[in-house]
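Colleague: Could you have a look at this structure, given as C-alpha cells, before my questions?
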Amino acid sequence: MLVFLARRLAFFVMALITSSILIFALIRLAGGNVASVMLGKAAKPEAIAALSKELGLDRPLPVQYFDWAWGMLRGDLGISFRTREPATSLLLERLPVSVPLALAGMILALLIAVPVGTYAATKVGTPIGAFVAFTSQVGIAIPVFWAGVLLSLFFGVRLGWLPTGGWVPWSASPIDSIRSLALPVIALGLVMAATLSRYTRTAVLDVMNEDYVRTARASGMTKRGALLRVGVRNASLPLVTVVGLLAAELIGGTVIIEQVFSLPGLARMVLDQVQAREVIVVQSTVMIMVAFVLVVNLIVDILYGVLDPRVRVSR
Amino acid sequence: MTTQTVLDVRGLVVRRDDLKAVRNVDFQIRAGQRVGLVGESGAGKSLTALAVMGLLQPGWTTEGQVLHDNVDLTTISDREFSNRRGRTVSMVFQDPLSALNPTKRVGAQVSWVIRRHTKVTRDEARARVLDLFKQMHLPRPEQLLRAYPHELSGGQRQRVMIAMAIACYPQLIIADEPTTALDVTVQKQVLRLLDGAVKDRGSALLMITHDLPVIAAMCDYVMVMYGGRLVEQGPVGEVFRSPRHPYTKGLLESQPTLDNIELEGTTRLPSIRGSVPPLHAMPTGCPFRTRCDRATAQCEIVPELEGDTSQAACWHPLDAHSPVVGA
Amino acid sequence: MSSAAEGAMTSHELASGGGPVPTGGVGRRVLGNASLVVGVVMTVALVAVAALSLVWTPADPNLAAPADRLLPAGSHGHLLGTDALGRDIASALMVGARTSITVAAGAALLGVVLGTISGLTAAAARPVVSESIMRGVDILLAMPGIVFALVLAATVGAGVGSTIFALTVFFVPSFTRVVRAAALRVLAEDYVTAAELYGRRKVFILARHVLPNIFSVLIVQFTLYFAAGILTEAGLSYLGVGVNRPAVSWGMLLKEAQDTVGVSGPLAIWPGLAIVFAVLGLNMLGDGLRDVLDPRLRKRSS
C-alpha cells in the first residue's frame, strides 16, 4: 500500500510540474511577446518594454518559469496589471461561489445517476430500460447552458420560484445564496447525471455478469441483495475512475453555468481576464484549475486502491 | 443410510426462446448418493445444474419440476429460494478465480454464508471458517482468512469455494467441473478434499464433468448427457464396463489411456465422428443419430430410457458384452 | 515514428474508402437497429441543411434590418422570425449547422489521425516510449478542454481556427487511449503473434493486421467525438471564446439572445434545439454503428 501511495504521489507531482511547464510554454508559444499581447496591437514599444521590465518578462524563460512556479507554491498568483490587485485575493473572493456550485452539482449528479443507472441495468431489454436509455441519451445531447436557460425559463420566469441569475453573498443571506445557486446546481447536476447514469448502467451490468455474483446468489443472496451488495459496490470501482475523468468536465460545466446565471465565480473572473488580456493572471488561474483536476484524480486513485485490493499490488 | 430422495427432477426443459438446451430430463438423487453427469461441452450439463439452483442467466426459462426437500424449487420465490441456496443445496463452480469476489477477503466470503443461514456471532462464524480452512488443508489458515482471492493459488481458491459450499452441511452439493480450471497436479488433491468433505457431511453430490476417470473415482452412479437429453444412466461400474448407448461407448473410447497410445505411434485415438451440432441444428428424434453408425429410420423417433439397473435411450443398444476399445 | 506515419496514412485512406467490415448478418443487424436508423436519418438531415446553406439561405444571417427586429416565427420571409437586430434566425441556424460540422468534424478527424498515430506508437513501441506517451496522455486528460480554449483565446484570440485547435488537443489523449487499447487487443491475437514470429516488421503488422481491425473502433469514436465536438464548440462560443461573427454558431446565437432579449425569447429555444438534434443524432448513429460493427459489445449496449 505504501509503495502504491508513493507511486501515485510521484505521478501527481510529475503531472503538476509537466502541466505547469505546458501551460507556461503554451502561452509563450501561442501568444509570442506576453507584454505586447497584454497591451494590444496599438501599444508603443516603450510601453511594452516598460511592462516587460515591471513583470520581469525581460529575464530568461527558465527564470520566469521558476519565479512563477515558486510564487504559485507560496500562493502568489501574480498581480493584475490594470487594477493592481493581487490575483490571489481575486480568486479567493470567487471560491465561495464556484466551489459549492461544482461540489453540489457533482453530488446531485451522483445522487441521480447511481440509482437510475442501477435501475436501468436491471431493466435491460424491457420498454422501461429502453426509455431510461433514451432519456439519458437525450440528456447527454443537451448543452449545459441550454439546460440552464430552460430551467430559468420555467422555474424563474414562468413560475417565479427561483432567481434567474445574480448572486447574494453568503454573509448577507445564506438562504438567498442557496436560492441563487439552486438552478445552476440543478442544471449542472442533471446534465452530468445523464452521462454518469450511462456509465453506471454499463458498470453494474458488467459486474452482474461476473461469476462471483452467481456465487453470491448460490450462497444465499437474493437477486436484489446481490444487486445492491455486490453489483453496486463492485461497480463503484469503475465509477470512481469515471468521476475522476469527469472532474475536467465539471470545471468546464461550472465555468459555463456561472456565465448563464451571471454568478460572480471563477468563470466570470477568468473570462474578464481573457477579455482584458491579463495573460499572467489567466496563466495562474488556469493552473489552479488543472491542479484541482489533478488533486481529484489523486484522491480517486487512492480511493481506488482502498476499494480494490488488487490494485495495491499490481500497480 | 436412508434412501430419502434429496433431488427429484421431472421433465426439466431449459430453453432460450425456441432453442431447447435441456430437453425433458428426469433424474433422482438419493441422500448421500454420488451422481456423475458427463457429456461434451454444450450437452446441457451446466444449464441443468444452474436450472436446479435457479441461477440461470436472464433470458433462459425452465419447464418441469425440481423437487427438493418436498418443495418444487421452480415455483418458490427468489427470497424463499435464497434461504435454501448455500444451506440445503450448494454449488462449487468451475473457475475459482472469477467465482470469488475480488474485493472481499476470502474469510469474509465464507463466513457470510454461515451468518446468512445460521444464527451465530461474528466470532463463532470466524471460528467455523477457520475449522473449514483447516479441514481443507489450507496453509496458514489464520492469515488466509484475511487474504484476497488474487493472493491465493488456483487450488487454494477452489478449496475456499468448497469450504463455502460445505459450510452449512447441505443435503446436496453440485460441483460443476470443479477441477477443470486447475493444474493437473492439484486436481487430485482438491478432489480428495471434496470427496472427504462430502463423506463427512453425508451430503449427496452431483458431479458435472467431462472427465470420465473423475467420475469413476468419485461417483457411484453416472448419467450421460448428449444434445440436452440423458442418453444413458446407471451404476458407474456397469455403464463404464459395458456401455449400451453408442455415444457412451464413443466417449469412453476417446479417453486417452496408456493402453491405447502405442509406442510406434501408429494408432490414433478413436474419436466420435463429426461434432456436436449447435442447438438450432439438433436433429429431431435421437440427438445422436447424425453421428451414429447404427442409426436407422427408427431413430427419428425419440427413444426412451430403457433397462433394469442401467438404462440407455437407444433403439439399437449395444450388447451387454461389447468390449470397449482401450478402456 | 515511420511506422506511425504509415499507420495514419492508411487510416486516412480507409476513412475515405470504406474499410473491411465483419461479414455476415450486418445487413440484418442494420435494419434491426433502431438507434442506427434514427441516427442516420438525423445526421443526414443535419448535413443536408449545412450543405444547402452553402448555396442558399433565406437571407444573409449577418444582414441587420432594424425595421424587422424581433419578428415572431412565421413572419413573411422569416420562417423562424428575426433577432434583436432584425437578422433572419432560420438562416443563422442553417449557417450554424455548417460551422458546427466544420469545427467538430474537423477536430474529430484531426483527433482520430493524431490519436491513431500516438495510440499505435504506444501500443507497439518499446515500453519506455509507450509509458511516456501514456503518462503524457494522463496529464493532458487533466486539462479541461474549456480551460485550454480560454488560454488560447487570451493569447491568440478566439475564432474557428483556435477552436478546432483547442478541440483537437482536447480529443487526442482520449483517442490515444482508445486506439492503444484496441490495438493491444489485436496485437494479442494468435495470428499476429504468428506474423511476428514469421519475421514480419512491426510497421507491416500495424498496417496489415491492426489498422483494418481497429477501423470500426475508429469510425465509432469519430462519430461520438463529432457529437462531443459540437457540444464543446457550442459551449465555447456561448462563452465568447469560440466562434465569432461574421461566422455563425449555435452557441453564439444563444449568447446573443440572452444578452439582448433575455432567456424568454424564441431565440433562446431554436439554437438549443438545433444542438440537441445534431448531438442526439450523432450519438445514436455512433451507438448504432458500435452495435453493428462490433458485435462483441452488442449485449452490453442493447
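The chains in the C-alpha cells are called A, B, ... from first to last as shown; in each chain the residues are counted from 1, and the ligands are counted from 1 in the order shown.
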Would you list which chain B residues are within 7 Å of chain A using only C-alpha atoms, as an MDAnalysis selection string?
Modeller: chainID B and resid 55 78:79 82:86 90:91 98:101 103 113 116 150
Colleague: Find the residues of chain A in contact range of chain C, meaning any atom within 6 Å when counting only C-alpha atoms, and list them as an mmCIF file with N, CA and C atoms, in the first residue's frame.
Modeller:
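In the end it all went to out_34.cif:
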```cif
data_model
loop_
_atom_site.group_PDB
_atom_site.id
_atom_site.type_symbol
_atom_site.label_atom_id
_atom_site.label_comp_id
_atom_site.auth_asym_id
_atom_site.auth_seq_id
_atom_site.Cartn_x
_atom_site.Cartn_y
_atom_site.Cartn_z
ATOM 1 N N ALA A 15 2.910 15.191 -12.789
ATOM 2 C CA ALA A 15 1.846 15.751 -13.614
ATOM 3 C C ALA A 15 1.721 17.246 -13.357
ATOM 4 N N GLY A 31 1.203 32.989 -27.938
ATOM 5 C CA GLY A 31 0.959 34.426 -27.921
ATOM 6 C C GLY A 31 2.144 35.280 -28.313
ATOM 7 N N ALA A 141 -27.204 14.940 -24.882
ATOM 8 C CA ALA A 141 -27.183 15.849 -26.033
ATOM 9 C C ALA A 141 -27.515 17.285 -25.651
ATOM 10 N N ILE A 142 -28.013 17.502 -24.426
ATOM 11 C CA ILE A 142 -28.385 18.866 -24.028
ATOM 12 C C ILE A 142 -27.159 19.606 -23.525
ATOM 13 N N TRP A 146 -27.847 25.396 -22.221
ATOM 14 C CA TRP A 146 -29.245 25.409 -22.640
ATOM 15 C C TRP A 146 -30.139 24.834 -21.539
ATOM 16 N N ALA A 248 -12.596 17.112 -14.998
ATOM 17 C CA ALA A 248 -12.274 18.118 -16.004
ATOM 18 C C ALA A 248 -13.550 18.690 -16.617
ATOM 19 N N GLY A 252 -15.363 22.640 -16.692
ATOM 20 C CA GLY A 252 -15.927 23.277 -17.868
ATOM 21 C C GLY A 252 -17.387 23.639 -17.663
ATOM 22 N N VAL A 274 -9.550 37.161 -19.602
ATOM 23 C CA VAL A 274 -9.275 36.844 -21.004
ATOM 24 C C VAL A 274 -9.570 38.079 -21.847
ATOM 25 N N ARG A 277 -7.042 40.579 -21.399
ATOM 26 C CA ARG A 277 -5.716 40.083 -21.776
ATOM 27 C C ARG A 277 -4.740 40.145 -20.610
ATOM 28 N N VAL A 290 -6.298 23.248 -13.351
ATOM 29 C CA VAL A 290 -5.662 21.966 -13.682
ATOM 30 C C VAL A 290 -5.227 21.256 -12.407
ATOM 31 N N VAL A 293 -8.109 19.474 -10.874
ATOM 32 C CA VAL A 293 -8.412 18.204 -11.531
ATOM 33 C C VAL A 293 -7.402 17.131 -11.128
#
```
Colleague: Select from segment 75-109 of chain A every residue with an atom at most 10 Å from any atom of segment 253-264 of chain A, then for each give the shortest pair of atoms and their distance in Å to one decimal, using only C-alpha atoms, rows by chain and rising number, as JSON lines.
Modeller:
```
{"residue": "A:Glu93", "atom": "CA", "partner": "A:Pro264", "partner_atom": "CA", "distance": 8.9}
{"residue": "A:Arg94", "atom": "CA", "partner": "A:Pro264", "partner_atom": "CA", "distance": 6.5}
{"residue": "A:Leu95", "atom": "CA", "partner": "A:Pro264", "partner_atom": "CA", "distance": 9.4}
{"residue": "A:Pro96", "atom": "CA", "partner": "A:Pro264", "partner_atom": "CA", "distance": 9.6}
{"residue": "A:Val97", "atom": "CA", "partner": "A:Pro264", "partner_atom": "CA", "distance": 7.0}
{"residue": "A:Ser98", "atom": "CA", "partner": "A:Thr254", "partner_atom": "CA", "distance": 7.2}
{"residue": "A:Val99", "atom": "CA", "partner": "A:Thr254", "partner_atom": "CA", "distance": 9.1}
{"residue": "A:Leu101", "atom": "CA", "partner": "A:Thr254", "partner_atom": "CA", "distance": 7.1}
{"residue": "A:Ala102", "atom": "CA", "partner": "A:Thr254", "partner_atom": "CA", "distance": 6.0}
{"residue": "A:Leu103", "atom": "CA", "partner": "A:Thr254", "partner_atom": "CA", "distance": 9.8}
{"residue": "A:Gly105", "atom": "CA", "partner": "A:Thr254", "partner_atom": "CA", "distance": 8.6}
```
Colleague: For the residues selected in the previous step, produce a file with N, CA and C atoms as a CSV table (one decimal), in the first residue's frame.
Modeller:
```csv
chain,number,residue,atom,x,y,z
A,93,GLU,N,-12.0,35.5,-3.5
A,93,GLU,CA,-13.3,36.1,-3.4
A,93,GLU,C,-14.3,35.2,-4.2
A,94,ARG,N,-13.8,34.6,-5.2
A,94,ARG,CA,-14.7,33.8,-6.1
A,94,ARG,C,-15.0,32.4,-5.7
A,95,LEU,N,-14.1,31.9,-4.9
A,95,LEU,CA,-14.3,30.5,-4.5
A,95,LEU,C,-15.6,30.1,-3.8
A,96,PRO,N,-16.1,31.0,-2.8
A,96,PRO,CA,-17.3,30.7,-2.2
A,96,PRO,C,-18.5,30.5,-3.1
A,97,VAL,N,-18.4,31.0,-4.4
A,97,VAL,CA,-19.4,30.7,-5.4
A,97,VAL,C,-19.2,29.5,-6.1
A,98,SER,N,-17.9,29.4,-6.6
A,98,SER,CA,-17.6,28.3,-7.6
A,98,SER,C,-17.5,26.9,-6.9
A,99,VAL,N,-16.9,26.8,-5.7
A,99,VAL,CA,-16.7,25.5,-5.1
A,99,VAL,C,-18.0,24.9,-4.7
A,101,LEU,N,-20.9,25.4,-5.9
A,101,LEU,CA,-21.6,25.1,-7.2
A,101,LEU,C,-21.1,23.8,-7.8
A,102,ALA,N,-19.8,23.6,-7.9
A,102,ALA,CA,-19.2,22.4,-8.5
A,102,ALA,C,-19.5,21.2,-7.7
A,103,LEU,N,-19.2,21.3,-6.4
A,103,LEU,CA,-19.4,20.2,-5.5
A,103,LEU,C,-20.8,19.7,-5.5
A,105,GLY,N,-23.1,20.2,-7.6
A,105,GLY,CA,-23.5,19.7,-8.9
A,105,GLY,C,-23.1,18.3,-9.1
```
Colleague: Can you list every residue in segment 132-297 of chain C that DSSP puts in alpha helix (DSSP H), as a count of residues only?
Modeller: 125
Colleague: Would you list the contacts of segment 173-182 of chain B as a list of chain:residue names, taking every protein, DNA or RNA residue within 6 Å and counting only C-alpha atoms, but skipping same-chain residues closer than 3 positions in sequence?
Modeller: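 The filter keeps B:Val89, B:Ser90, B:Met91, B:Val92, B:Phe93, B:Gln94, B:Asp95, B:Gln187, B:Leu205, B:Leu206, B:Met207, B:Ile208, B:Thr209.
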Colleague: Tell me, as a JSON list (two decimals) with N, CA and C atoms, in the first residue's frame, which residues lie within 8 Å of Gly39 of chain B, counting only C-alpha atoms; anything in the same chain fewer than 3 positions away does not count.
Modeller:
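Dumped everything to selection-v2.json:
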```json
[["chain", "number", "residue", "atom", "x", "y", "z"],
["B", 43, "ALA", "N", -23.57, -29.94, -24.02],
["B", 43, "ALA", "CA", -24.57, -31.00, -23.88],
["B", 43, "ALA", "C", -25.73, -30.58, -22.99],
["B", 45, "LYS", "N", -25.14, -29.86, -19.53],
["B", 45, "LYS", "CA", -24.86, -30.24, -18.14],
["B", 45, "LYS", "C", -24.95, -29.06, -17.20],
["B", 209, "THR", "N", -18.86, -33.17, -15.08],
["B", 209, "THR", "CA", -17.51, -33.17, -15.63],
["B", 209, "THR", "C", -17.52, -33.82, -17.00],
["B", 210, "HIS", "N", -16.46, -33.58, -17.76],
["B", 210, "HIS", "CA", -16.30, -34.37, -18.98],
["B", 210, "HIS", "C", -15.14, -35.35, -18.81],
["B", 224, "VAL", "N", -25.24, -39.95, -18.57],
["B", 224, "VAL", "CA", -24.54, -39.44, -19.74],
["B", 224, "VAL", "C", -25.50, -38.52, -20.50],
["B", 225, "MET", "N", -25.05, -37.33, -20.79],
["B", 225, "MET", "CA", -25.93, -36.36, -21.42],
["B", 225, "MET", "C", -25.42, -36.04, -22.82],
["B", 226, "TYR", "N", -26.35, -35.94, -23.75],
["B", 226, "TYR", "CA", -25.98, -35.54, -25.11],
["B", 226, "TYR", "C", -27.13, -34.77, -25.73]]
```
Colleague: Compile the contact shell of segment 196-205 of chain A as an mmCIF file with C-alpha atoms, in the first residue's frame: residues with an atom at most 8 Å away, counting only C-alpha atoms, same-chain residues fewer than 4 positions apart removed.
Modeller:
```cif
data_model
loop_
_atom_site.group_PDB
_atom_site.id
_atom_site.type_symbol
_atom_site.label_atom_id
_atom_site.label_comp_id
_atom_site.auth_asym_id
_atom_site.auth_seq_id
_atom_site.Cartn_x
_atom_site.Cartn_y
_atom_site.Cartn_z
ATOM 1 C CA ALA A 109 -25.328 14.077 -10.409
ATOM 2 C CA LEU A 110 -24.216 11.060 -8.365
ATOM 3 C CA ILE A 112 -29.438 10.858 -9.562
ATOM 4 C CA ALA A 113 -27.146 8.726 -11.714
ATOM 5 C CA VAL A 114 -26.316 5.831 -9.407
ATOM 6 C CA VAL A 116 -31.141 5.484 -12.152
ATOM 7 C CA GLY A 117 -28.241 3.664 -13.777
ATOM 8 C CA THR A 118 -28.576 0.697 -11.428
ATOM 9 C CA TYR A 119 -32.302 0.527 -12.069
ATOM 10 C CA ALA A 120 -31.726 0.714 -15.825
ATOM 11 C CA ALA A 121 -29.227 -2.150 -15.556
ATOM 12 C CA THR A 122 -31.956 -4.383 -14.115
ATOM 13 C CA ALA A 133 -31.586 4.698 -22.010
ATOM 14 C CA SER A 136 -30.153 9.708 -20.785
ATOM 15 C CA MET A 192 -23.713 15.393 -15.697
ATOM 16 C CA ASN A 209 -22.412 -10.719 -15.468
ATOM 17 C CA GLY A 231 -23.329 -5.183 -8.010
ATOM 18 C CA VAL A 232 -23.351 -1.576 -6.869
ATOM 19 C CA ASN A 234 -18.115 -3.506 -7.190
ATOM 20 C CA ALA A 235 -19.450 -1.178 -9.892
ATOM 21 C CA SER A 236 -18.289 1.703 -7.713
ATOM 22 C CA PRO A 238 -15.075 1.823 -12.427
ATOM 23 C CA LEU A 239 -17.398 4.643 -11.358
ATOM 24 C CA VAL A 242 -15.229 7.944 -14.231
ATOM 25 C CA ARG C 300 -23.963 -4.551 -23.251
ATOM 26 C CA SER C 301 -25.318 -1.598 -25.118
#
```
Colleague: As an exercise, work out the distance from atom CA of Ala182 of chain C to atom CA of Val44 of chain C in Å and give it to one decimal place.
Modeller: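 According to the coordinates, atom CA of Ala182 of chain C and atom CA of Val44 of chain C are separated by 28.5 Å.
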